[in-house]
$ cat work.tsv   # TSV, C-alpha atoms and all ligand atoms
chain	number	residue	atom	x	y	z
R	1	MET	CA	5.29	7.44	11.94
R	2	LEU	CA	4.06	8.77	8.61
R	3	PHE	CA	6.07	10.25	5.72
R	4	SER	CA	6.58	14.03	5.68
R	5	LYS	CA	3.45	15.84	4.55
R	6	ASP	CA	5.04	17.73	1.66
R	7	PHE	CA	7.54	15.15	0.53
R	8	PHE	CA	5.58	13.81	-2.46
R	9	LYS	CA	4.33	17.19	-3.66
R	10	GLY	CA	5.44	17.83	-7.25
R	11	LYS	CA	7.50	14.63	-7.47
R	12	ARG	CA	7.28	12.42	-10.57
R	13	ILE	CA	6.20	9.00	-9.39
R	14	LEU	CA	5.61	5.80	-11.30
R	15	VAL	CA	3.18	3.23	-9.90
R	16	THR	CA	3.05	-0.10	-11.74
R	17	GLY	CA	-0.20	-1.94	-11.11
R	18	ASP	CA	-2.12	1.32	-10.56
R	19	THR	CA	-5.35	-0.24	-11.87
R	20	GLY	CA	-5.31	-2.87	-9.10
R	21	PHE	CA	-6.56	-2.85	-5.53
R	22	LYS	CA	-3.45	-1.56	-3.74
R	23	GLY	CA	-2.19	0.43	-6.72
R	24	SER	CA	-5.41	2.47	-7.00
R	25	TRP	CA	-5.32	3.42	-3.31
R	26	LEU	CA	-1.63	4.35	-3.59
R	27	SER	CA	-2.04	6.38	-6.79
R	28	TYR	CA	-4.99	8.28	-5.37
R	29	TRP	CA	-3.18	8.95	-2.08
R	30	LEU	CA	-0.12	10.26	-3.94
R	31	TRP	CA	-2.35	12.41	-6.15
R	32	LEU	CA	-4.03	13.86	-3.03
R	33	LEU	CA	-0.55	14.77	-1.78
R	34	GLY	CA	0.18	16.70	-4.96
R	35	ALA	CA	2.44	14.18	-6.72
R	36	GLU	CA	2.65	13.87	-10.49
R	37	VAL	CA	1.63	10.23	-10.79
R	38	TYR	CA	2.27	7.97	-13.78
R	39	GLY	CA	0.70	4.53	-13.91
R	40	TYR	CA	1.42	1.44	-15.95
R	41	ALA	CA	-0.76	-1.66	-15.81
R	42	LEU	CA	-3.23	-3.83	-17.66
R	43	PRO	CA	-6.55	-2.03	-18.14
R	44	PRO	CA	-9.00	-2.22	-15.23
R	45	GLU	CA	-10.93	-5.48	-15.47
R	46	ARG	CA	-14.35	-4.32	-14.33
R	47	GLY	CA	-16.59	-1.27	-14.71
R	48	ASN	CA	-16.70	-0.87	-10.92
R	49	ASP	CA	-12.94	-1.11	-10.33
R	50	HIS	CA	-11.64	1.29	-7.70
R	51	PHE	CA	-9.50	2.90	-10.41
R	52	HIS	CA	-12.69	4.01	-12.23
R	53	LEU	CA	-14.62	4.89	-9.07
R	54	LEU	CA	-11.82	7.28	-8.09
R	55	GLY	CA	-11.77	8.90	-11.53
R	56	LEU	CA	-8.04	8.20	-11.74
R	57	THR	CA	-7.94	8.55	-15.54
R	58	GLY	CA	-8.49	12.28	-15.09
R	59	LYS	CA	-6.07	12.63	-12.18
R	60	ILE	CA	-2.96	10.67	-13.10
R	61	ARG	CA	-1.24	9.75	-16.37
R	62	HIS	CA	-1.99	6.12	-16.95
R	63	CYS	CA	-0.78	3.81	-19.72
R	64	ASP	CA	-2.58	0.55	-20.46
R	65	GLY	CA	0.28	-1.86	-21.02
R	66	ASP	CA	1.79	-5.24	-20.29
R	67	ILE	CA	4.90	-5.18	-18.13
R	68	ARG	CA	6.14	-8.31	-19.90
R	69	ASP	CA	6.52	-6.14	-23.01
R	70	ALA	CA	9.91	-4.55	-22.34
R	71	VAL	CA	9.73	-2.19	-25.33
R	72	SER	CA	6.36	-0.64	-24.51
R	73	PHE	CA	7.14	-0.48	-20.79
R	74	THR	CA	10.53	1.18	-21.29
R	75	GLU	CA	9.01	3.71	-23.69
R	76	TRP	CA	6.49	4.70	-21.03
R	77	MET	CA	9.16	4.88	-18.33
R	78	GLU	CA	11.25	7.15	-20.55
R	79	LYS	CA	8.26	9.43	-20.95
R	80	ALA	CA	7.48	9.40	-17.22
R	81	GLU	CA	11.11	9.89	-16.09
R	82	PRO	CA	10.16	9.00	-12.51
R	83	GLU	CA	12.17	9.96	-9.46
R	84	ILE	CA	10.29	7.42	-7.35
R	85	VAL	CA	9.03	4.01	-8.43
R	86	PHE	CA	6.51	1.80	-6.64
R	87	HIS	CA	6.39	-1.59	-8.35
R	88	LEU	CA	3.11	-3.38	-7.65
R	89	ALA	CA	2.15	-4.90	-11.00
R	90	ALA	CA	1.78	-8.64	-10.61
R	91	GLN	CA	-0.44	-11.61	-11.17
R	92	ALA	CA	-1.40	-11.45	-7.50
R	93	LEU	CA	-3.73	-14.40	-6.94
R	94	VAL	CA	-2.60	-17.75	-5.53
R	95	ARG	CA	-5.46	-19.78	-7.02
R	96	LYS	CA	-5.05	-18.22	-10.46
R	97	SER	CA	-1.35	-19.04	-10.32
R	98	TYR	CA	-2.19	-22.77	-10.32
R	99	VAL	CA	-4.02	-22.30	-13.63
R	100	ASP	CA	-2.06	-19.51	-15.34
R	101	VAL	CA	1.34	-20.74	-14.25
R	102	LYS	CA	3.50	-19.34	-17.02
R	103	GLU	CA	1.71	-15.98	-17.00
R	104	THR	CA	2.36	-15.74	-13.26
R	105	PHE	CA	6.09	-16.43	-13.60
R	106	ASP	CA	6.48	-14.25	-16.70
R	107	THR	CA	4.72	-11.28	-15.10
R	108	ASN	CA	6.06	-11.52	-11.58
R	109	ILE	CA	9.63	-12.37	-12.49
R	110	GLY	CA	10.10	-11.26	-16.12
R	111	GLY	CA	8.02	-8.08	-15.65
R	112	SER	CA	10.06	-7.23	-12.57
R	113	VAL	CA	13.29	-7.70	-14.53
R	114	ASN	CA	12.00	-5.17	-17.11
R	115	LEU	CA	11.45	-2.67	-14.33
R	116	LEU	CA	14.83	-3.26	-12.69
R	117	GLU	CA	16.57	-3.02	-16.08
R	118	TYR	CA	15.07	0.44	-16.58
R	119	VAL	CA	16.31	1.51	-13.15
R	120	ARG	CA	19.75	0.05	-13.82
R	121	GLN	CA	20.09	2.03	-17.04
R	122	HIS	CA	18.67	5.39	-15.94
R	123	ASP	CA	19.89	7.88	-13.34
R	124	ASN	CA	16.66	9.79	-12.83
R	125	VAL	CA	15.32	7.21	-10.34
R	126	ARG	CA	16.16	8.07	-6.72
R	127	SER	CA	13.95	5.64	-4.88
R	128	VAL	CA	12.49	2.19	-5.68
R	129	VAL	CA	9.96	0.30	-3.59
R	130	PHE	CA	9.66	-3.20	-4.99
R	131	VAL	CA	6.56	-5.00	-3.73
R	132	THR	CA	6.69	-8.75	-3.22
R	133	SER	CA	4.76	-10.57	-0.50
R	134	ASP	CA	4.83	-12.26	2.88
R	135	LYS	CA	4.41	-15.42	0.80
R	136	SER	CA	7.96	-15.09	-0.47
R	137	TYR	CA	9.15	-16.68	2.79
R	138	LYS	CA	9.57	-20.42	2.96
R	139	ASN	CA	6.57	-21.27	5.07
R	140	LYS	CA	7.52	-23.55	7.94
R	141	GLU	CA	4.09	-23.31	9.58
R	142	TRP	CA	5.80	-22.23	12.76
R	143	ILE	CA	4.46	-19.85	15.40
R	144	TRP	CA	7.17	-17.18	15.00
R	145	GLY	CA	6.94	-14.24	12.69
R	146	TYR	CA	9.29	-14.34	9.68
R	147	ARG	CA	12.20	-11.91	9.76
R	148	GLU	CA	13.74	-10.26	6.72
R	149	THR	CA	16.75	-12.56	7.05
R	150	ASP	CA	14.70	-15.77	6.98
R	151	GLU	CA	14.82	-18.26	4.16
R	152	LEU	CA	12.83	-17.57	0.99
R	153	GLY	CA	10.90	-20.19	-0.96
R	154	GLY	CA	7.36	-20.63	-2.21
R	155	ARG	CA	5.37	-23.78	-2.83
R	156	ASP	CA	2.54	-22.62	-5.09
R	157	PRO	CA	3.46	-20.77	-8.32
R	158	TYR	CA	2.45	-17.35	-6.96
R	159	SER	CA	4.58	-17.70	-3.82
R	160	ALA	CA	7.48	-19.13	-5.82
R	161	SER	CA	7.26	-16.23	-8.28
R	162	LYS	CA	7.45	-13.73	-5.43
R	163	SER	CA	10.43	-15.51	-3.82
R	164	ALA	CA	12.14	-15.56	-7.19
R	165	ALA	CA	11.39	-11.84	-7.67
R	166	GLU	CA	13.08	-11.25	-4.30
R	167	LEU	CA	16.21	-13.09	-5.46
R	168	VAL	CA	16.26	-11.12	-8.70
R	169	PHE	CA	15.88	-7.87	-6.74
R	170	GLN	CA	18.71	-8.83	-4.37
R	171	SER	CA	20.95	-9.55	-7.34
R	172	TYR	CA	20.31	-6.08	-8.82
R	173	LEU	CA	20.86	-4.53	-5.41
R	174	LEU	CA	24.18	-6.28	-4.78
R	175	SER	CA	25.45	-6.05	-8.34
R	176	PHE	CA	24.40	-2.51	-9.30
R	177	PHE	CA	22.19	-0.45	-6.99
R	178	ASN	CA	24.22	-0.51	-3.77
R	179	GLU	CA	27.04	1.24	-5.61
R	180	ARG	CA	24.89	4.22	-6.59
R	181	ASP	CA	24.91	7.19	-4.20
R	182	THR	CA	21.75	8.75	-5.58
R	183	LEU	CA	19.56	5.63	-5.58
R	184	GLY	CA	17.84	3.85	-2.72
R	185	ALA	CA	16.05	0.55	-3.36
R	186	ALA	CA	14.10	-1.80	-1.12
R	187	SER	CA	11.82	-4.81	-1.43
R	188	VAL	CA	8.73	-4.88	0.76
R	189	ARG	CA	6.84	-7.87	2.09
R	190	ALA	CA	3.34	-7.34	3.43
R	191	GLY	CA	0.70	-9.67	4.76
R	192	ASN	CA	-2.95	-10.07	3.93
R	193	VAL	CA	-4.37	-6.72	3.03
R	194	ILE	CA	-8.02	-5.76	3.29
R	195	GLY	CA	-9.86	-2.60	2.33
R	196	GLY	CA	-12.54	-1.20	0.06
R	197	GLY	CA	-12.31	-1.47	-3.70
R	198	ASP	CA	-11.00	-5.03	-3.91
R	199	TRP	CA	-13.16	-7.15	-6.24
R	200	SER	CA	-10.60	-9.94	-6.86
R	201	ALA	CA	-11.79	-13.52	-7.12
R	202	ASP	CA	-11.06	-15.96	-4.29
R	203	ARG	CA	-10.27	-13.33	-1.69
R	204	ILE	CA	-12.19	-13.46	1.55
R	205	VAL	CA	-13.39	-9.83	1.76
R	206	PRO	CA	-14.68	-9.39	-1.82
R	207	ASP	CA	-16.28	-12.86	-1.72
R	208	SER	CA	-17.95	-12.04	1.60
R	209	VAL	CA	-19.36	-8.63	0.70
R	210	LYS	CA	-20.62	-9.88	-2.65
R	211	ALA	CA	-22.48	-12.66	-0.81
R	212	LEU	CA	-23.87	-10.32	1.87
R	213	ALA	CA	-24.99	-7.73	-0.71
R	214	GLU	CA	-27.03	-10.47	-2.40
R	215	GLY	CA	-28.52	-11.62	0.90
R	216	GLU	CA	-26.50	-14.85	0.85
R	217	THR	CA	-24.43	-16.58	3.53
R	218	ILE	CA	-20.64	-16.27	3.49
R	219	VAL	CA	-19.13	-19.65	2.57
R	220	LEU	CA	-15.64	-20.37	3.94
R	221	ARG	CA	-13.22	-22.87	2.45
R	222	ASN	CA	-10.47	-22.61	5.00
R	223	PRO	CA	-11.91	-21.03	8.18
R	224	GLY	CA	-9.06	-22.10	10.46
R	225	ALA	CA	-6.25	-20.43	8.47
R	226	THR	CA	-4.69	-17.66	10.54
R	227	ARG	CA	-3.55	-14.44	8.88
R	228	PRO	CA	-2.20	-11.03	9.91
R	229	TRP	CA	-5.04	-8.85	8.58
R	230	GLN	CA	-4.25	-5.22	7.96
R	231	HIS	CA	-5.96	-2.33	6.23
R	232	VAL	CA	-4.53	-1.43	2.83
R	233	LEU	CA	-3.47	2.02	4.06
R	234	GLU	CA	-1.05	0.44	6.56
R	235	PRO	CA	1.47	-1.15	4.18
R	236	LEU	CA	1.00	1.69	1.69
R	237	GLY	CA	1.89	4.22	4.39
R	238	GLY	CA	4.96	2.08	5.17
R	239	TYR	CA	5.99	1.93	1.51
R	240	MET	CA	5.65	5.73	1.25
R	241	LEU	CA	7.70	6.33	4.40
R	242	LEU	CA	10.35	3.99	3.07
R	243	ALA	CA	10.34	5.73	-0.34
R	244	GLU	CA	11.06	9.02	1.40
R	245	ARG	CA	13.94	7.56	3.42
R	246	LEU	CA	15.42	5.84	0.36
R	247	TYR	CA	15.21	9.09	-1.59
R	248	GLY	CA	17.24	10.83	1.07
R	249	GLY	CA	20.22	8.63	0.22
R	250	LEU	CA	20.13	7.04	3.65
R	251	PRO	CA	21.10	3.40	4.13
R	252	TYR	CA	17.69	1.78	3.88
R	253	ASN	CA	18.44	-0.57	0.96
R	254	GLY	CA	17.28	-4.14	1.52
R	255	ALA	CA	14.13	-6.00	2.54
R	256	TRP	CA	11.37	-4.76	4.84
R	257	ASN	CA	8.34	-6.42	6.39
R	258	PHE	CA	5.13	-4.46	6.94
R	259	GLY	CA	2.49	-6.20	9.00
R	260	PRO	CA	0.07	-5.58	11.85
R	261	ASP	CA	0.53	-6.23	15.55
R	262	ASP	CA	0.15	-9.80	16.77
R	263	ALA	CA	-3.35	-8.98	18.08
R	264	SER	CA	-4.50	-8.70	14.45
R	265	MET	CA	-3.61	-12.34	13.81
R	266	ARG	CA	-7.05	-13.86	13.37
R	267	THR	CA	-8.54	-16.79	11.58
R	268	VAL	CA	-10.50	-16.49	8.36
R	269	GLY	CA	-13.53	-17.52	10.45
R	270	ASP	CA	-12.97	-14.61	12.89
R	271	LEU	CA	-12.70	-12.20	9.98
R	272	ALA	CA	-15.93	-13.45	8.41
R	273	GLU	CA	-17.79	-13.11	11.73
R	274	LYS	CA	-16.49	-9.55	12.11
R	275	ILE	CA	-17.53	-8.72	8.55
R	276	VAL	CA	-21.07	-9.90	9.30
R	277	GLU	CA	-21.12	-7.84	12.52
R	278	CYS	CA	-20.02	-4.66	10.69
R	279	TRP	CA	-22.44	-5.33	7.83
R	280	GLY	CA	-25.28	-5.68	10.33
R	281	SER	CA	-26.82	-8.90	8.98
R	282	GLY	CA	-25.95	-12.25	7.38
R	283	GLY	CA	-24.25	-15.46	8.42
R	284	VAL	CA	-21.23	-17.69	7.85
R	285	ARG	CA	-21.12	-21.32	6.71
R	286	GLN	CA	-18.19	-23.69	6.38
R	287	GLU	CA	-17.72	-25.84	3.27
R	288	ILE	CA	-14.52	-27.83	3.12
R	289	ASP	CA	-13.36	-28.49	-0.44
R	290	GLY	CA	-11.25	-31.66	-0.45
R	291	ASN	CA	-9.84	-30.77	-3.89
R	292	ALA	CA	-8.79	-27.23	-3.00
R	293	PRO	CA	-5.16	-26.42	-3.77
R	294	HIS	CA	-2.74	-26.12	-0.88
R	295	GLU	CA	-2.96	-22.94	1.22
R	296	ALA	CA	-0.70	-21.93	4.07
R	297	GLY	CA	-2.20	-22.50	7.53
R	298	LEU	CA	-0.16	-20.00	9.53
R	299	LEU	CA	1.98	-17.17	8.24
R	300	HIS	CA	2.92	-13.90	9.85
R	301	LEU	CA	5.70	-11.38	9.86
R	302	ASN	CA	8.07	-9.98	12.40
R	303	CYS	CA	8.08	-6.21	11.78
R	304	ASP	CA	10.67	-5.14	14.37
R	305	LYS	CA	12.96	-3.78	11.66
R	306	ALA	CA	10.31	-1.34	10.35
R	307	ARG	CA	9.35	-0.41	13.91
R	308	PHE	CA	12.87	0.31	15.16
R	309	GLU	CA	14.56	1.63	12.04
R	310	LEU	CA	11.69	3.50	10.37
R	311	GLY	CA	9.48	4.20	13.37
R	312	TRP	CA	6.63	2.58	11.41
R	313	GLN	CA	3.81	0.75	13.13
R	314	ALA	CA	0.30	-0.25	12.08
R	315	LYS	CA	-2.16	2.40	13.30
R	316	TRP	CA	-5.49	0.59	13.04
R	317	ASP	CA	-6.24	-2.58	14.95
R	318	PHE	CA	-8.16	-5.54	13.50
R	319	GLU	CA	-11.58	-4.17	14.48
R	320	MET	CA	-10.89	-0.77	12.93
R	321	ALA	CA	-9.43	-2.30	9.77
R	322	VAL	CA	-12.54	-4.42	9.22
R	323	GLN	CA	-14.87	-1.56	10.15
R	324	MET	CA	-13.24	0.76	7.59
R	325	THR	CA	-13.33	-1.95	4.96
R	326	ILE	CA	-17.01	-2.72	5.43
R	327	ASP	CA	-17.88	1.00	5.69
R	328	TRP	CA	-16.37	1.39	2.23
R	329	TYR	CA	-18.42	-1.47	0.74
R	330	LYS	CA	-21.60	-0.25	2.45
R	331	GLY	CA	-20.89	3.14	0.90
R	332	TYR	CA	-20.49	1.51	-2.50
R	333	PHE	CA	-23.64	-0.61	-2.30
R	334	GLY	CA	-25.50	2.35	-0.73
R	335	LYS	CA	-24.64	4.38	-3.85
R	336	GLN	CA	-22.53	6.94	-1.99
R	337	ASP	CA	-19.80	8.88	-3.77
R	338	VAL	CA	-17.03	6.30	-3.39
R	339	GLU	CA	-14.24	8.76	-4.13
R	340	GLN	CA	-15.34	10.74	-1.08
R	341	VAL	CA	-15.44	7.58	1.06
R	342	THR	CA	-11.88	6.70	-0.01
R	343	ARG	CA	-10.72	10.27	0.55
R	344	ARG	CA	-12.27	10.43	4.05
R	345	GLN	CA	-10.60	7.15	5.01
R	346	ILE	CA	-7.19	8.40	3.85
R	347	GLU	CA	-7.69	11.66	5.76
R	348	GLU	CA	-8.78	9.74	8.85
R	349	TYR	CA	-5.70	7.53	8.57
R	350	MET	CA	-3.37	10.51	8.28
R	351	ARG	CA	-4.85	12.32	11.29
R	401	LIG	N1	-3.61	-7.81	-1.71
R	401	LIG	C1	-2.83	-8.47	-0.87
R	401	LIG	O1	-3.28	-8.96	0.17
R	401	LIG	C2	-1.34	-8.62	-1.14
R	401	LIG	C3	-0.56	-9.28	-0.19
R	401	LIG	C4	0.81	-9.42	-0.43
R	401	LIG	C5	1.37	-8.89	-1.58
R	401	LIG	N2	0.59	-8.25	-2.50
R	401	LIG	C6	1.25	-7.70	-3.69
R	401	LIG	O2	0.88	-6.33	-3.84
R	401	LIG	C7	0.80	-6.02	-5.24
R	401	LIG	C8	-0.57	-5.46	-5.56
R	401	LIG	O3	-1.55	-6.43	-5.21
R	401	LIG	P1	-3.11	-6.18	-5.41
R	401	LIG	O4	-3.79	-6.88	-4.33
R	401	LIG	O5	-3.36	-4.74	-5.62
R	401	LIG	O6	-3.35	-6.98	-6.79
R	401	LIG	P2	-4.38	-6.70	-7.96
R	401	LIG	O7	-4.57	-8.00	-8.67
R	401	LIG	O8	-5.57	-5.97	-7.49
R	401	LIG	O9	-3.58	-5.71	-8.93
R	401	LIG	C9	-2.54	-6.17	-9.75
R	401	LIG	C10	-2.12	-5.05	-10.68
R	401	LIG	O10	-1.06	-5.55	-11.51
R	401	LIG	C11	-1.41	-5.33	-12.87
R	401	LIG	N3	-0.86	-6.37	-13.71
R	401	LIG	C12	-1.06	-7.70	-13.65
R	401	LIG	N4	-0.44	-8.31	-14.66
R	401	LIG	C13	0.18	-7.33	-15.38
R	401	LIG	C14	0.97	-7.30	-16.55
R	401	LIG	N5	1.30	-8.43	-17.21
R	401	LIG	N6	1.41	-6.11	-17.01
R	401	LIG	C15	1.09	-4.95	-16.36
R	401	LIG	N7	0.36	-4.92	-15.27
R	401	LIG	C16	-0.10	-6.10	-14.79
R	401	LIG	C17	-2.93	-5.33	-12.91
R	401	LIG	O11	-3.39	-4.69	-14.09
R	401	LIG	C18	-3.23	-4.57	-11.63
R	401	LIG	O12	-3.10	-3.20	-11.87
R	401	LIG	C19	1.13	-7.29	-5.99
R	401	LIG	O13	2.51	-7.28	-6.31
R	401	LIG	C20	0.83	-8.38	-4.97
R	401	LIG	O14	1.55	-9.55	-5.25
R	401	LIG	C21	-0.75	-8.12	-2.31
$ encode --input "work.tsv" --output "structure tokens"
Amino acid sequence: MLFSKDFFKGKRILVTGDTGFKGSWLSYWLWLLGAEVYGYALPPERGNDHFHLLGLTGKIRHCDGDIRDAVSFTEWMEKAEPEIVFHLAAQALVRKSYVDVKETFDTNIGGSVNLLEYVRQHDNVRSVVFVTSDKSYKNKEWIWGYRETDELGGRDPYSASKSAAELVFQSYLLSFFNERDTLGAASVRAGNVIGGGDWSADRIVPDSVKALAEGETIVLRNPGATRPWQHVLEPLGGYMLLAERLYGGLPYNGAWNFGPDDASMRTVGDLAEKIVECWGSGGVRQEIDGNAPHEAGLLHLNCDKARFELGWQAKWDFEMAVQMTIDWYKGYFGKQDVEQVTRRQIEEYMR
């Protein structure tokens, strides 16, 4: 099920992390739906960031800022006066978190506290979707999908920061938000997301398309790791549906998983092979790095709660998700109008 077509029209919405991969898709989608979108994030890092390719500067109101800076962030929030908040800003990379440890904790925990403090002190917010990660679960490397009630706990700094952000969120929920009739608030945990416009370092899709575009072979560090791959529009559609339900004052407060069906659980090696197939040429090579930091082998989510209580379910299977992703990158490298590619994919998803 999707959100109601006209729900976001004319609503004031704040997206933190709008310059990032997921945030740019979300901001553009909301803009297409007629929302008044405000963004807050660090400036885009690259000239070819999706944020620029979509021309978001001319479509939404964006503020370059650091969410760790409570004064600047609160000033922007007071200007935006959002009714709905999607919190995505984060240091989102596991490998980087081993190097920039303090920055990861300060941003993902401290930055989140700044956001929750604003919500606590202002009545204009009706709906909060607080994005953490599937990595906030304590990974037991078991075959079952994690449920929202399962134990939290992260090993690497990124995962630990997201588990800690969950605990902070739960504290705000239990101490303040649950008492408010006009506010709905939920944390959302999604799995590995793929889609066009992601140029992040050390992620399988950007690394693969950059290699293929240069005529090189895809090199895999951890080909056997199994992940629940889903197209970026899937969790975003879930977050938007949840935002609508929370806004309605219905009892949706709490944690929600958004992941694909079990059939989309594939190894990194399977994904790379599929990328090559969709690209139309290239190859895959394995290179085990004995010094690589620890990465989870198996991690997936049980999404029964979203399915039964929200009527949400992933729409695109693994093949379609990869096809759409590679179509986007082929469009980019083929010098197509990327905004139109993104727009067509959103329209296709909503059909
Ligand atoms: N991409 C995935 O597969 C995935 C999976 C699970 C969870 N998530 C979560 O989804 C969210 C978005 O992820 P993404 O893949 O788009 O990441 P991304 O790295 O592409 O974007 C991160 C965004 O956060 C902003 N940001 C980082 N530090 C900031 C700071 N100090 N102040 C203000 N803004 C700051 C960046 O400017 C950017 O806009 C993150 O919270 C991430 O942890 C992503």
$ residues_near_ligand --input "work.tsv" --ligand "ligand LIG 401 (chain R)" --cutoff "7 Å" --atoms "all atoms listed in the file" --output "mmCIF file with C-alpha atoms, in the frame of the given file"
data_model
loop_
_atom_site.group_PDB
_atom_site.id
_atom_site.type_symbol
_atom_site.label_atom_id
_atom_site.label_comp_id
_atom_site.auth_asym_id
_atom_site.auth_seq_id
_atom_site.Cartn_x
_atom_site.Cartn_y
_atom_site.Cartn_z
ATOM 1 C CA THR R 16 3.050 -0.100 -11.740
ATOM 2 C CA GLY R 17 -0.200 -1.940 -11.110
ATOM 3 C CA ASP R 18 -2.120 1.320 -10.560
ATOM 4 C CA THR R 19 -5.350 -0.240 -11.870
ATOM 5 C CA GLY R 20 -5.310 -2.870 -9.100
ATOM 6 C CA PHE R 21 -6.560 -2.850 -5.530
ATOM 7 C CA LYS R 22 -3.450 -1.560 -3.740
ATOM 8 C CA GLY R 23 -2.190 0.430 -6.720
ATOM 9 C CA TYR R 40 1.420 1.440 -15.950
ATOM 10 C CA ALA R 41 -0.760 -1.660 -15.810
ATOM 11 C CA LEU R 42 -3.230 -3.830 -17.660
ATOM 12 C CA PRO R 43 -6.550 -2.030 -18.140
ATOM 13 C CA PRO R 44 -9.000 -2.220 -15.230
ATOM 14 C CA GLY R 65 0.280 -1.860 -21.020
ATOM 15 C CA ASP R 66 1.790 -5.240 -20.290
ATOM 16 C CA ILE R 67 4.900 -5.180 -18.130
ATOM 17 C CA ARG R 68 6.140 -8.310 -19.900
ATOM 18 C CA LEU R 88 3.110 -3.380 -7.650
ATOM 19 C CA ALA R 89 2.150 -4.900 -11.000
ATOM 20 C CA ALA R 90 1.780 -8.640 -10.610
ATOM 21 C CA GLN R 91 -0.440 -11.610 -11.170
ATOM 22 C CA ALA R 92 -1.400 -11.450 -7.500
ATOM 23 C CA LEU R 93 -3.730 -14.400 -6.940
ATOM 24 C CA THR R 107 4.720 -11.280 -15.100
ATOM 25 C CA GLY R 111 8.020 -8.080 -15.650
ATOM 26 C CA VAL R 131 6.560 -5.000 -3.730
ATOM 27 C CA THR R 132 6.690 -8.750 -3.220
ATOM 28 C CA SER R 133 4.760 -10.570 -0.500
ATOM 29 C CA ASP R 134 4.830 -12.260 2.880
ATOM 30 C CA ARG R 189 6.840 -7.870 2.090
ATOM 31 C CA ALA R 190 3.340 -7.340 3.430
ATOM 32 C CA GLY R 191 0.700 -9.670 4.760
ATOM 33 C CA ASN R 192 -2.950 -10.070 3.930
ATOM 34 C CA VAL R 193 -4.370 -6.720 3.030
ATOM 35 C CA ILE R 194 -8.020 -5.760 3.290
ATOM 36 C CA ASP R 198 -11.000 -5.030 -3.910
ATOM 37 C CA SER R 200 -10.600 -9.940 -6.860
#
$ residues_around --input "work.tsv" --residues "Asp261 (chain R)" --least-positions-apart "3" --cutoff "8 Å" --atoms "all atoms listed in the file" --output "PyMOL selection string"
chain R and resi 228+264-265+314+317
$ closest_residue --input "work.tsv" --among "R:Gly334, R:Gly311, R:Gly259, R:Pro251" --to "Met1 (chain R)" --atoms "all atoms listed in the file"
R:Gly311
$ closest_residue --input "work.tsv" --among "R:Gly154, R:Gly237, R:Gly249, R:Gly269" --to "Ile204 (chain R)" --atoms "only C-alpha atoms"
R:Gly269
$ closest_atom_pairs --input "work.tsv" --of "region 168-276 of chain R" --to "region 346-349 of chain R" --cutoff "12 Å" --atoms "all atoms listed in the file" --output "Markdown table"
| residue | atom | partner | partner_atom | distance |
| --- | --- | --- | --- | --- |
| R:Gly195 | CA | R:Ile346 | CA | 11.4 |
| R:Gly196 | CA | R:Ile346 | CA | 11.6 |
| R:His231 | CA | R:Tyr349 | CA | 10.1 |
| R:Val232 | CA | R:Ile346 | CA | 10.2 |
| R:Leu233 | CA | R:Ile346 | CA | 7.4 |
| R:Glu234 | CA | R:Tyr349 | CA | 8.7 |
| R:Leu236 | CA | R:Ile346 | CA | 10.8 |
| R:Gly237 | CA | R:Tyr349 | CA | 9.3 |
$ residues_around --input "work.tsv" --residues "Ala186 (chain R)" --least-positions-apart "5" --cutoff "8 Å" --atoms "all atoms listed in the file" --output "list in words"
Val128, Val129, Phe130, Leu246, Tyr252, Asn253, Gly254, Ala255 and Trp256 of chain R
$ atom_distance --input "work.tsv" --atom1 "CA of Gly47 (chain R)" --atom2 "CA of Asp207 (chain R)"
17.4 Å
$ atom_distance --input "work.tsv" --atom1 "CA of Leu116 (chain R)" --atom2 "CA of Gln170 (chain R)"
10.7 Å
$ closest_residue --input "work.tsv" --among "R:Gln336, R:Asn48, R:Asn114, R:Ser27" --to "Trp199 (chain R)" --atoms "all atoms listed in the file"
R:Asn48
$ closest_residue --input "work.tsv" --among "R:Lys162, R:Lys315, R:His87, R:Lys11" --to "Phe105 (chain R)" --atoms "all atoms listed in the file"
R:Lys162
$ closest_residue --input "work.tsv" --among "R:Lys274, R:Lys140, R:His62, R:Arg203" --to "Lys96 (chain R)" --atoms "only C-alpha atoms"
R:Arg203
$ residues_near_point --input "work.tsv" --point "(7.7, -21.7, -2.6)" --cutoff "12 Å" --atoms "all atoms listed in the file" --output "ChimeraX atom specification"
/R:94,133-140,151-166,294-296
